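Enquirer: Sharing upload12.pdb here; it has PDB, C-alpha atoms and all ligand atoms.
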ATOM      1  CA  MET A   1     -16.173  22.065 -24.969
ATOM      2  CA  ARG A   2     -19.330  23.721 -26.254
ATOM      3  CA  THR A   3     -22.123  23.991 -23.754
ATOM      4  CA  VAL A   4     -24.975  23.795 -26.300
ATOM      5  CA  LYS A   5     -26.401  20.276 -26.149
ATOM      6  CA  SER A   6     -27.225  18.333 -29.305
ATOM      7  CA  PHE A   7     -30.223  16.727 -27.599
ATOM      8  CA  VAL A   8     -33.194  17.504 -25.415
ATOM      9  CA  LYS A   9     -34.096  14.727 -22.999
ATOM     10  CA  ARG A  10     -37.554  13.424 -23.879
ATOM     11  CA  ASN A  11     -39.794  11.591 -21.433
ATOM     12  CA  GLY A  12     -40.987   9.080 -24.023
ATOM     13  CA  ARG A  13     -43.026   6.015 -23.134
ATOM     14  CA  ILE A  14     -40.935   3.388 -21.444
ATOM     15  CA  THR A  15     -42.006  -0.257 -21.127
ATOM     16  CA  THR A  16     -41.675  -2.373 -17.993
ATOM     17  CA  GLY A  17     -39.174  -4.574 -19.852
ATOM     18  CA  GLN A  18     -37.011  -1.528 -20.604
ATOM     19  CA  VAL A  19     -37.188  -0.331 -16.979
ATOM     20  CA  PHE A  20     -36.252  -3.837 -15.809
ATOM     21  CA  ALA A  21     -33.299  -3.957 -18.209
ATOM     22  CA  LEU A  22     -32.053  -0.515 -17.103
ATOM     23  CA  LYS A  23     -32.274  -1.545 -13.462
ATOM     24  CA  ASN A  24     -30.794  -5.005 -13.730
ATOM     25  CA  MET A  25     -28.395  -4.950 -16.655
ATOM     26  CA  TRP A  26     -26.684  -1.602 -16.177
ATOM     27  CA  CYS A  27     -24.159  -3.040 -13.687
ATOM     28  CA  LYS A  28     -22.928  -5.477 -16.354
ATOM     29  CA  PHE A  29     -23.266  -3.504 -19.588
ATOM     30  CA  GLY A  30     -23.295   0.146 -18.494
ATOM     31  CA  ILE A  31     -20.382   2.575 -18.448
ATOM     32  CA  ASP A  32     -20.867   5.253 -15.790
ATOM     33  CA  TYR A  33     -19.782   8.766 -16.619
ATOM     34  CA  THR A  34     -16.674  10.069 -14.860
ATOM     35  CA  GLU A  35     -13.961  12.432 -16.029
ATOM     36  CA  LYS A  36     -11.417   9.610 -16.133
ATOM     37  CA  ILE A  37     -10.097   7.919 -19.266
ATOM     38  CA  LEU A  38     -11.507   4.408 -19.672
ATOM     39  CA  ASP A  39      -9.230   1.404 -19.890
ATOM     40  CA  LEU A  40     -10.922  -0.208 -22.914
ATOM     41  CA  LYS A  41      -8.798  -3.352 -22.769
ATOM     42  CA  LYS A  42      -9.779  -3.915 -19.136
ATOM     43  CA  LEU A  43     -13.448  -3.077 -19.744
ATOM     44  CA  PHE A  44     -13.869  -5.558 -22.601
ATOM     45  CA  GLY A  45     -11.280  -8.045 -21.361
ATOM     46  CA  ASN A  46      -9.533  -8.116 -24.746
ATOM     47  CA  GLN A  47      -7.651  -5.926 -27.215
ATOM     48  CA  SER A  48     -10.101  -6.158 -30.115
ATOM     49  CA  PRO A  49     -10.841  -3.052 -32.194
ATOM     50  CA  VAL A  50     -13.355  -0.624 -30.683
ATOM     51  CA  HIS A  51     -16.216   1.026 -32.593
ATOM     52  CA  ILE A  52     -18.445   3.719 -31.109
ATOM     53  CA  ASP A  53     -22.052   4.360 -32.160
ATOM     54  CA  ILE A  54     -23.101   7.891 -31.186
ATOM     55  CA  GLY A  55     -26.847   8.404 -30.635
ATOM     56  CA  PHE A  56     -27.808   4.791 -31.356
ATOM     57  CA  GLY A  57     -31.549   5.432 -30.867
ATOM     58  CA  ASP A  58     -33.290   2.080 -30.453
ATOM     59  CA  GLY A  59     -29.955   0.271 -30.938
ATOM     60  CA  ASN A  60     -31.060  -1.767 -33.936
ATOM     61  CA  ALA A  61     -28.028  -0.945 -36.100
ATOM     62  CA  LEU A  62     -25.652  -1.270 -33.148
ATOM     63  CA  ILE A  63     -27.005  -4.732 -32.267
ATOM     64  CA  GLN A  64     -26.770  -5.874 -35.894
ATOM     65  CA  GLU A  65     -23.183  -4.667 -36.212
ATOM     66  CA  ALA A  66     -22.183  -6.311 -32.920
ATOM     67  CA  GLU A  67     -23.794  -9.605 -33.948
ATOM     68  CA  LYS A  68     -22.076  -9.539 -37.308
ATOM     69  CA  ASN A  69     -18.653  -8.654 -35.862
ATOM     70  CA  PRO A  70     -18.119 -10.698 -32.680
ATOM     71  CA  LYS A  71     -14.393  -9.886 -32.677
ATOM     72  CA  THR A  72     -15.046  -6.148 -32.508
ATOM     73  CA  ASN A  73     -15.984  -4.267 -29.337
ATOM     74  CA  PHE A  74     -18.794  -1.714 -29.486
ATOM     75  CA  ILE A  75     -19.620   1.211 -27.246
ATOM     76  CA  GLY A  76     -23.080   2.655 -27.788
ATOM     77  CA  ILE A  77     -23.772   6.148 -26.505
ATOM     78  CA  GLU A  78     -27.362   7.361 -26.159
ATOM     79  CA  VAL A  79     -29.257   9.621 -23.757
ATOM     80  CA  HIS A  80     -32.818   8.436 -24.495
ATOM     81  CA  ARG A  81     -33.720   5.993 -21.693
ATOM     82  CA  PRO A  82     -36.312   3.880 -23.574
ATOM     83  CA  GLY A  83     -33.767   3.344 -26.381
ATOM     84  CA  ILE A  84     -31.076   2.327 -23.912
ATOM     85  CA  GLY A  85     -33.500  -0.055 -22.175
ATOM     86  CA  ARG A  86     -34.496  -1.604 -25.490
ATOM     87  CA  CYS A  87     -30.881  -2.051 -26.512
ATOM     88  CA  LEU A  88     -30.030  -3.705 -23.173
ATOM     89  CA  MET A  89     -32.941  -6.127 -23.646
ATOM     90  CA  GLU A  90     -31.593  -7.081 -27.089
ATOM     91  CA  ILE A  91     -28.066  -7.531 -25.715
ATOM     92  CA  ARG A  92     -29.445 -10.045 -23.229
ATOM     93  CA  LYS A  93     -31.726 -11.778 -25.744
ATOM     94  CA  LYS A  94     -28.894 -12.219 -28.230
ATOM     95  CA  GLU A  95     -26.313 -12.984 -25.501
ATOM     96  CA  LEU A  96     -23.878 -10.419 -26.845
ATOM     97  CA  SER A  97     -20.673  -9.842 -24.892
ATOM     98  CA  ASN A  98     -19.079  -7.232 -27.154
ATOM     99  CA  ILE A  99     -21.294  -4.183 -26.399
ATOM    100  CA  LEU A 100     -21.149  -1.659 -23.559
ATOM    101  CA  ILE A 101     -23.487   1.298 -23.178
ATOM    102  CA  SER A 102     -23.010   4.871 -22.000
ATOM    103  CA  SER A 103     -26.065   6.985 -21.153
ATOM    104  CA  HIS A 104     -24.258  10.325 -21.046
ATOM    105  CA  ASP A 105     -23.739  13.162 -23.565
ATOM    106  CA  ALA A 106     -21.519  11.678 -26.276
ATOM    107  CA  GLN A 107     -19.500  14.879 -26.630
ATOM    108  CA  GLU A 108     -18.476  14.729 -22.967
ATOM    109  CA  VAL A 109     -17.889  10.967 -23.047
ATOM    110  CA  MET A 110     -15.624  11.303 -26.074
ATOM    111  CA  LYS A 111     -13.718  14.193 -24.544
ATOM    112  CA  SER A 112     -13.296  12.875 -20.995
ATOM    113  CA  GLN A 113     -13.450   9.077 -21.192
ATOM    114  CA  ILE A 114     -11.983   8.046 -24.536
ATOM    115  CA  LYS A 115      -8.238   7.913 -24.967
ATOM    116  CA  ASP A 116      -6.734   9.737 -27.944
ATOM    117  CA  ASP A 117      -5.857   7.536 -30.971
ATOM    118  CA  SER A 118      -7.787   4.571 -29.548
ATOM    119  CA  LEU A 119     -10.874   4.042 -31.746
ATOM    120  CA  ASP A 120     -11.091   2.098 -34.983
ATOM    121  CA  ARG A 121     -14.423   3.491 -36.065
ATOM    122  CA  ILE A 122     -17.094   6.008 -35.097
ATOM    123  CA  ASN A 123     -20.656   5.699 -36.419
ATOM    124  CA  LEU A 124     -22.965   8.685 -36.360
ATOM    125  CA  TYR A 125     -26.122   7.501 -38.069
ATOM    126  CA  PHE A 126     -28.878  10.067 -38.561
ATOM    127  CA  PRO A 127     -27.950  12.620 -35.897
ATOM    128  CA  ASP A 128     -30.791  14.933 -34.857
ATOM    129  CA  PRO A 129     -31.145  17.330 -37.821
ATOM    130  CA  TRP A 130     -32.336  20.385 -35.881
ATOM    131  CA  PRO A 131     -33.985  21.740 -39.061
ATOM    132  CA  LYS A 132     -34.977  25.182 -37.718
ATOM    133  CA  LYS A 133     -32.388  27.866 -38.310
ATOM    134  CA  ARG A 134     -32.418  29.029 -34.704
ATOM    135  CA  HIS A 135     -31.469  25.463 -33.664
ATOM    136  CA  TYR A 136     -28.581  24.940 -36.109
ATOM    137  CA  LYS A 137     -26.165  25.523 -33.226
ATOM    138  CA  ARG A 138     -27.459  22.290 -31.649
ATOM    139  CA  ARG A 139     -26.307  20.139 -34.556
ATOM    140  CA  ILE A 140     -23.661  17.755 -33.281
ATOM    141  CA  ILE A 141     -21.593  17.984 -36.457
ATOM    142  CA  GLN A 142     -19.503  21.111 -36.114
ATOM    143  CA  THR A 143     -15.817  21.722 -36.747
ATOM    144  CA  GLU A 144     -14.998  21.234 -33.065
ATOM    145  CA  PHE A 145     -16.783  17.865 -32.971
ATOM    146  CA  LEU A 146     -15.044  16.610 -36.115
ATOM    147  CA  ASN A 147     -11.713  17.602 -34.566
ATOM    148  CA  LEU A 148     -12.637  15.727 -31.390
ATOM    149  CA  CYS A 149     -13.550  12.588 -33.367
ATOM    150  CA  ALA A 150     -10.305  12.797 -35.334
ATOM    151  CA  LYS A 151      -8.353  13.029 -32.077
ATOM    152  CA  LYS A 152      -9.968   9.883 -30.681
ATOM    153  CA  LEU A 153      -9.609   7.758 -33.845
ATOM    154  CA  LYS A 154      -6.471   5.788 -34.623
ATOM    155  CA  MET A 155      -4.621   6.813 -37.770
ATOM    156  CA  HIS A 156      -6.655   5.380 -40.695
ATOM    157  CA  GLY A 157      -9.665   5.012 -38.401
ATOM    158  CA  ILE A 158     -13.079   5.385 -40.021
ATOM    159  CA  PHE A 159     -15.848   7.900 -39.341
ATOM    160  CA  CYS A 160     -19.258   7.024 -40.858
ATOM    161  CA  ILE A 161     -21.988   9.638 -41.028
ATOM    162  CA  ALA A 162     -25.491   9.436 -42.493
ATOM    163  CA  THR A 163     -28.399  11.869 -42.712
ATOM    164  CA  ASP A 164     -31.692  12.205 -44.556
ATOM    165  CA  TRP A 165     -31.905  16.021 -44.278
ATOM    166  CA  ARG A 166     -30.683  17.902 -47.331
ATOM    167  CA  ASN A 167     -29.894  21.076 -45.427
ATOM    168  CA  TYR A 168     -27.935  19.149 -42.769
ATOM    169  CA  ALA A 169     -26.102  17.287 -45.568
ATOM    170  CA  GLU A 170     -25.002  20.620 -47.041
ATOM    171  CA  HIS A 171     -23.814  21.718 -43.606
ATOM    172  CA  ILE A 172     -21.947  18.401 -43.108
ATOM    173  CA  ASP A 173     -20.258  18.792 -46.511
ATOM    174  CA  SER A 174     -19.051  22.255 -45.565
ATOM    175  CA  VAL A 175     -17.716  21.118 -42.167
ATOM    176  CA  ILE A 176     -15.919  18.157 -43.810
ATOM    177  CA  ASP A 177     -14.446  20.441 -46.491
ATOM    178  CA  LEU A 178     -12.837  22.592 -43.809
ATOM    179  CA  ASN A 179     -11.341  19.643 -41.944
ATOM    180  CA  GLU A 180      -7.785  18.547 -42.620
ATOM    181  CA  ASN A 181      -7.815  15.284 -40.654
ATOM    182  CA  PHE A 182     -10.105  13.251 -42.882
ATOM    183  CA  THR A 183     -10.074  11.989 -46.450
ATOM    184  CA  ILE A 184     -13.467  11.247 -47.985
ATOM    185  CA  LYS A 185     -13.518   7.577 -49.020
ATOM    186  CA  ILE A 186     -17.221   7.399 -49.878
ATOM    187  CA  ARG A 187     -19.905  10.023 -50.373
ATOM    188  CA  LEU A 188     -23.219   8.644 -51.543
ATOM    189  CA  ILE A 189     -26.668  10.031 -52.171
ATOM    190  CA  HIS A 190     -29.211   7.253 -52.486
ATOM    191  CA  LYS A 191     -32.727   6.043 -51.810
ATOM    192  CA  GLY A 192     -31.849   3.499 -49.128
ATOM    193  CA  GLU A 193     -31.001   0.609 -51.439
ATOM    194  CA  GLY A 194     -28.341  -0.671 -49.037
ATOM    195  CA  GLU A 195     -25.412   0.732 -51.006
ATOM    196  CA  ALA A 196     -24.040   2.326 -47.874
ATOM    197  CA  ASN A 197     -22.617  -0.896 -46.421
ATOM    198  CA  ARG A 198     -24.132  -0.331 -42.970
ATOM    199  CA  PRO A 199     -27.316  -1.598 -41.365
ATOM    200  CA  SER A 200     -30.470   0.347 -42.054
ATOM    201  CA  THR A 201     -31.718   2.321 -39.040
ATOM    202  CA  LYS A 202     -35.093   3.382 -37.658
ATOM    203  CA  PHE A 203     -34.543   7.021 -38.625
ATOM    204  CA  GLU A 204     -33.346   6.082 -42.094
ATOM    205  CA  LYS A 205     -36.629   4.195 -42.613
ATOM    206  CA  LYS A 206     -38.607   7.182 -41.270
ATOM    207  CA  GLY A 207     -36.798   9.519 -43.671
ATOM    208  CA  LEU A 208     -37.394   7.227 -46.654
ATOM    209  CA  LYS A 209     -41.107   7.045 -45.810
ATOM    210  CA  LYS A 210     -41.213  10.841 -46.028
ATOM    211  CA  GLY A 211     -39.585  10.638 -49.476
ATOM    212  CA  HIS A 212     -36.190  11.931 -48.293
ATOM    213  CA  LEU A 213     -32.923  11.003 -49.967
ATOM    214  CA  ILE A 214     -30.107   9.535 -47.854
ATOM    215  CA  TRP A 215     -26.575  10.945 -47.678
ATOM    216  CA  ASP A 216     -23.726   8.721 -46.460
ATOM    217  CA  TRP A 217     -20.101   9.646 -45.864
ATOM    218  CA  VAL A 218     -17.221   7.337 -44.992
ATOM    219  CA  LEU A 219     -14.238   9.378 -43.845
ATOM    220  CA  LYS A 220     -10.771   8.055 -43.132
ATOM    221  CA  LYS A 221      -8.410   9.737 -40.701
ATOM    222  CA  THR A 222      -5.290  10.437 -42.725
ATOM    223  CA  ASN A 223      -3.754  13.302 -40.771
TER
HETATM  224  C1  LIG B 301     -32.494  11.047 -34.914
HETATM  225  S1  LIG B 301     -32.030   9.909 -33.694
HETATM  226  C2  LIG B 301     -31.173   8.644 -34.621
HETATM  227  C3  LIG B 301     -31.119   7.338 -33.897
HETATM  228  C4  LIG B 301     -30.428   6.194 -34.650
HETATM  229  N1  LIG B 301     -29.041   6.449 -34.883
HETATM  230  C5  LIG B 301     -31.140   5.912 -35.941
HETATM  231  O1  LIG B 301     -30.570   6.185 -37.014
HETATM  232  O2  LIG B 301     -32.260   5.376 -35.890
HETATM  233  C6  LIG B 301     -30.659  10.735 -32.907
HETATM  234  C7  LIG B 301     -30.354  10.159 -31.534
HETATM  235  O3  LIG B 301     -29.163  10.762 -31.035
HETATM  236  C8  LIG B 301     -29.295  10.933 -29.638
HETATM  237  N2  LIG B 301     -28.342  12.006 -29.277
HETATM  238  C9  LIG B 301     -28.317  13.279 -29.716
HETATM  239  N3  LIG B 301     -27.288  13.946 -29.206
HETATM  240  C10 LIG B 301     -26.638  13.074 -28.386
HETATM  241  C11 LIG B 301     -25.508  13.189 -27.555
HETATM  242  N4  LIG B 301     -24.814  14.333 -27.472
HETATM  243  N5  LIG B 301     -25.121  12.114 -26.848
HETATM  244  C12 LIG B 301     -25.809  10.948 -26.931
HETATM  245  N6  LIG B 301     -26.896  10.765 -27.706
HETATM  246  C13 LIG B 301     -27.306  11.829 -28.430
HETATM  247  C14 LIG B 301     -30.743  11.299 -29.441
HETATM  248  O4  LIG B 301     -31.178  10.995 -28.130
HETATM  249  C15 LIG B 301     -31.435  10.434 -30.497
HETATM  250  O5  LIG B 301     -31.880   9.211 -29.967
END
Now that the file is in, can you turn its structure into structure tokens?

Expert:
Amino acid sequence: MRTVKSFVKRNGRITTGQVFALKNMWCKFGIDYTEKILDLKKLFGNQSPVHIDIGFGDGNALIQEAEKNPKTNFIGIEVHRPGIGRCLMEIRKKELSNILISSHDAQEVMKSQIKDDSLDRINLYFPDPWPKKRHYKRRIIQTEFLNLCAKKLKMHGIFCIATDWRNYAEHIDSVIDLNENFTIKIRLIHKGEGEANRPSTKFEKKGLKKGHLIWDWVLKKTN
């Protein structure tokens, strides 16, 4: 496992509602980090398909997907406390019972807590682009990470990636090209017109405001 983290913990502003949600809802909707494989069937109380959203930010897309697909289970992984608090508040407001949240490094969660061949889909929407050359090593999408995701997906499982940074998109293309586990089902470059068949996200909107294009990939595990 690489030791370089793909995030830096920020002490952003946190509201009293978010603090309350973190304190009072974690016992019901939180997954604590341990080095033991999770029993997903026991955690959710059913055998429905499981999707993971890595770095869900404010949780908007995750909440929308969970609302739209009540027969799918979702695990959201995020390290930014205000985002986690906000997402927990939405889970309660919308009375969702198909989302659980992890607040630990997604790379470690995937490696230590997720069983091989167990996921139906992984969403990685607008990962931190780390645009400076000296920070490229922090980018979460690397060969090792793609291999890890492939290992955790079921055969024919789906891996969705989106970015609004051209240079990161080129890097993602080159990492995908080298990988033998995935077949590219969709690769789109667009201006956010909703062609991507996923909810729009906060960082997609930010990118569009700056005049960025959006790249979307839908990969299927075929090997
Ligand atoms: C640019 S934001 C995108 C948020 C959201 N997906 C969106 O599109 O609005 C990337 C998020 O990934 C989170 N993140 C980065 N690396 C992570 C990791 N290894 N584990 C969990 N979260 C991570 C960051 O905290 C940040 O909130």

Enquirer: Env of A:Ser6: 8 Å cut, atoms = only C-alpha atoms, seq-sep filter 5 positions within chain, self excluded. Answer as a PyMOL selection string.

Expert: chain A and resi 128+138-140

Enquirer: Dump C-alpha atoms for the selected residues as a CSV table (one decimal), in the frame of the given file?

Expert:
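Output contents, as saved in out-v5.csv:
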chain,number,residue,atom,x,y,z
A,128,ASP,CA,-30.8,14.9,-34.9
A,138,ARG,CA,-27.5,22.3,-31.6
A,139,ARG,CA,-26.3,20.1,-34.6
A,140,ILE,CA,-23.7,17.8,-33.3

Enquirer: Which residues fall under the PyMOL selection byres (((chain A and resi 90) around 12) and not hetatm) in this file, as an mmCIF file with C-alpha atoms, in the frame of the given file?

Expert:
data_model
loop_
_atom_site.group_PDB
_atom_site.id
_atom_site.type_symbol
_atom_site.label_atom_id
_atom_site.label_comp_id
_atom_site.auth_asym_id
_atom_site.auth_seq_id
_atom_site.Cartn_x
_atom_site.Cartn_y
_atom_site.Cartn_z
ATOM 1 C CA GLY A 17 -39.174 -4.574 -19.852
ATOM 2 C CA GLN A 18 -37.011 -1.528 -20.604
ATOM 3 C CA ALA A 21 -33.299 -3.957 -18.209
ATOM 4 C CA LEU A 22 -32.053 -0.515 -17.103
ATOM 5 C CA MET A 25 -28.395 -4.950 -16.655
ATOM 6 C CA PHE A 29 -23.266 -3.504 -19.588
ATOM 7 C CA ASP A 58 -33.290 2.080 -30.453
ATOM 8 C CA GLY A 59 -29.955 0.271 -30.938
ATOM 9 C CA ASN A 60 -31.060 -1.767 -33.936
ATOM 10 C CA ALA A 61 -28.028 -0.945 -36.100
ATOM 11 C CA LEU A 62 -25.652 -1.270 -33.148
ATOM 12 C CA ILE A 63 -27.005 -4.732 -32.267
ATOM 13 C CA GLN A 64 -26.770 -5.874 -35.894
ATOM 14 C CA ALA A 66 -22.183 -6.311 -32.920
ATOM 15 C CA GLU A 67 -23.794 -9.605 -33.948
ATOM 16 C CA GLY A 83 -33.767 3.344 -26.381
ATOM 17 C CA ILE A 84 -31.076 2.327 -23.912
ATOM 18 C CA GLY A 85 -33.500 -0.055 -22.175
ATOM 19 C CA ARG A 86 -34.496 -1.604 -25.490
ATOM 20 C CA CYS A 87 -30.881 -2.051 -26.512
ATOM 21 C CA LEU A 88 -30.030 -3.705 -23.173
ATOM 22 C CA MET A 89 -32.941 -6.127 -23.646
ATOM 23 C CA ILE A 91 -28.066 -7.531 -25.715
ATOM 24 C CA ARG A 92 -29.445 -10.045 -23.229
ATOM 25 C CA LYS A 93 -31.726 -11.778 -25.744
ATOM 26 C CA LYS A 94 -28.894 -12.219 -28.230
ATOM 27 C CA GLU A 95 -26.313 -12.984 -25.501
ATOM 28 C CA LEU A 96 -23.878 -10.419 -26.845
ATOM 29 C CA SER A 97 -20.673 -9.842 -24.892
ATOM 30 C CA ILE A 99 -21.294 -4.183 -26.399
#

Enquirer: Can you write out as CSV which residues of chain A fall within 8 Å of ligand LIG 301 (chain B), alongside each residue's closest atom pair and its distance in Å to one decimal, counting only C-alpha atoms and all ligand atoms and ordering rows by chain and ascending residue number?

Expert:
residue,atom,partner,partner_atom,distance
A:Lys5,CA,B:LIG301,N4,6.3
A:Ser6,CA,B:LIG301,N3,4.4
A:Phe7,CA,B:LIG301,N3,4.4
A:Val8,CA,B:LIG301,O4,7.3
A:Lys9,CA,B:LIG301,O4,7.0
A:Asp53,CA,B:LIG301,N1,7.8
A:Ile54,CA,B:LIG301,N6,5.9
A:Gly55,CA,B:LIG301,O3,3.3
A:Phe56,CA,B:LIG301,N1,4.1
A:Gly57,CA,B:LIG301,C3,3.6
A:Asp58,CA,B:LIG301,O2,6.4
A:Gly59,CA,B:LIG301,C4,7.0
A:Asn60,CA,B:LIG301,O2,7.5
A:Ala61,CA,B:LIG301,C5,7.5
A:Ile77,CA,B:LIG301,C12,5.2
A:Glu78,CA,B:LIG301,N6,3.8
A:Val79,CA,B:LIG301,N6,4.7
A:His80,CA,B:LIG301,O4,4.7
A:Gly83,CA,B:LIG301,O5,7.1
A:Ser103,CA,B:LIG301,C12,7.0
A:His104,CA,B:LIG301,C12,6.1
A:Asp105,CA,B:LIG301,N5,3.7
A:Ala106,CA,B:LIG301,N5,3.7
A:Gln107,CA,B:LIG301,N4,5.4
A:Glu108,CA,B:LIG301,N4,7.8
A:Leu124,CA,B:LIG301,N1,6.6
A:Tyr125,CA,B:LIG301,N1,4.4
A:Phe126,CA,B:LIG301,O1,4.5
A:Pro127,CA,B:LIG301,C6,4.5
A:Asp128,CA,B:LIG301,C1,4.2
A:Pro129,CA,B:LIG301,C1,7.1
A:Ile140,CA,B:LIG301,N3,6.7
A:Ser200,CA,B:LIG301,O1,7.7
A:Thr201,CA,B:LIG301,O2,4.4
A:Lys202,CA,B:LIG301,O2,3.9
A:Phe203,CA,B:LIG301,O2,3.9
A:Glu204,CA,B:LIG301,O1,5.8

Enquirer: What is the distance between atom CA of A:Leu188 and atom CA of A:Arg166, in Å to one decimal?

Expert: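 Atom-to-atom, atom CA of A:Leu188 to atom CA of A:Arg166, that is 12.6 Å.
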
Enquirer: I need the residue nearest A:Met110 from this list: A:Phe182, A:Phe44, A:Trp215, A:Phe145. Use only C-alpha atoms for the distance.

Expert: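 Smallest distance to A:Met110 is found for A:Phe145.
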
Enquirer: Smallest atom-to-atom distance to A:Arg13: which of A:Pro82, A:Trp217, A:Asp164, A:Leu38, using all atoms listed in the file?

Expert: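 Comparing A:Pro82, A:Trp217, A:Asp164, A:Leu38 against A:Arg13, the winner is A:Pro82.
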
Enquirer: Using all atoms listed in the file, which of the listed residues (A:Val4, A:Ala150, A:Ile75, A:Ile184) sits closest to A:Gln113?

Expert: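 Of A:Val4, A:Ala150, A:Ile75, A:Ile184, the one nearest A:Gln113, counting all atoms listed in the file, is A:Ile75.
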
Enquirer: For atom CA of A:Val50 and atom CA of A:Ser118, quote the distance in Å rounded to one decimal.

Expert: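 Between atom CA of A:Val50 and atom CA of A:Ser118 the gap is 7.7 Å.
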
Enquirer: Rounded to one decimal place, report the atom CA of A:Leu119-atom CA of A:Asn223 distance in Å.

Expert: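 If I compute the distance from atom CA of A:Leu119 to atom CA of A:Asn223, I get 14.8 Å.
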
Enquirer: My list of candidates is A:Cys149, A:Leu208, A:Ala196, A:Ile214. Which is closest to A:Ala169 when distances are computed with all atoms listed in the file?

Expert: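 Once distances to A:Ala169 are computed over all atoms listed in the file, the minimum belongs to A:Ile214.
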
Enquirer: Written as a compact mmCIF listing (two decimals) with C-alpha atoms, in the coordinates of the input, what is the full residue list that the PyMOL selection byres (((chain A and resi 30) around 8) and not hetatm) yields on the file shown?

Expert:
# COMPACT_ATOMS: atom_id res chain seq x y z
CA MET A 25 -28.40 -4.95 -16.66
CA TRP A 26 -26.68 -1.60 -16.18
CA CYS A 27 -24.16 -3.04 -13.69
CA LYS A 28 -22.93 -5.48 -16.35
CA PHE A 29 -23.27 -3.50 -19.59
CA ILE A 31 -20.38 2.58 -18.45
CA ASP A 32 -20.87 5.25 -15.79
CA LEU A 100 -21.15 -1.66 -23.56
CA ILE A 101 -23.49 1.30 -23.18
CA SER A 102 -23.01 4.87 -22.00
CA SER A 103 -26.06 6.98 -21.15

Enquirer: Which residue is closest to A:His51? Choose from A:Lys154, A:His135, A:Lys23, A:Thr3 and count all atoms listed in the file.

Expert: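 Checking each candidate against A:His51, we get A:Lys154 as the closest.
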
Enquirer: Once you add 3 Å to each side, what are the centre and edge lengths of the axis-aligned box holding all listed atoms of stretch 205-213 of chain A? One decimal in Å, as lines of an AutoDock Vina configuration file, if you can.

Expert:
center_x = -37.1
center_y = 8.1
center_z = -45.6
size_x = 14.3
size_y = 13.7
size_z = 14.7

Enquirer: Just the residues within 10 Å of A:Asn181, please, counting all atoms listed in the file, with nothing from its chain fewer than 4 positions along; format it as number ranges by chain.

Expert: A: 146-147, 149-151, 155-156, 176, 219-223

Enquirer: Which is closest to A:Asn167 among A:Pro70, A:Gly76, A:Gly12, A:Pro131, if we use only C-alpha atoms?

Expert: A:Pro131

Enquirer: Please tell me which residues are no farther than 12 Å from (-4.6, -5.1, -31.3) in the file, counting all atoms listed in the file, and write them as a PyMOL selection string.

Expert: chain A and resi 40-41+46-50+71-73+118-120+154
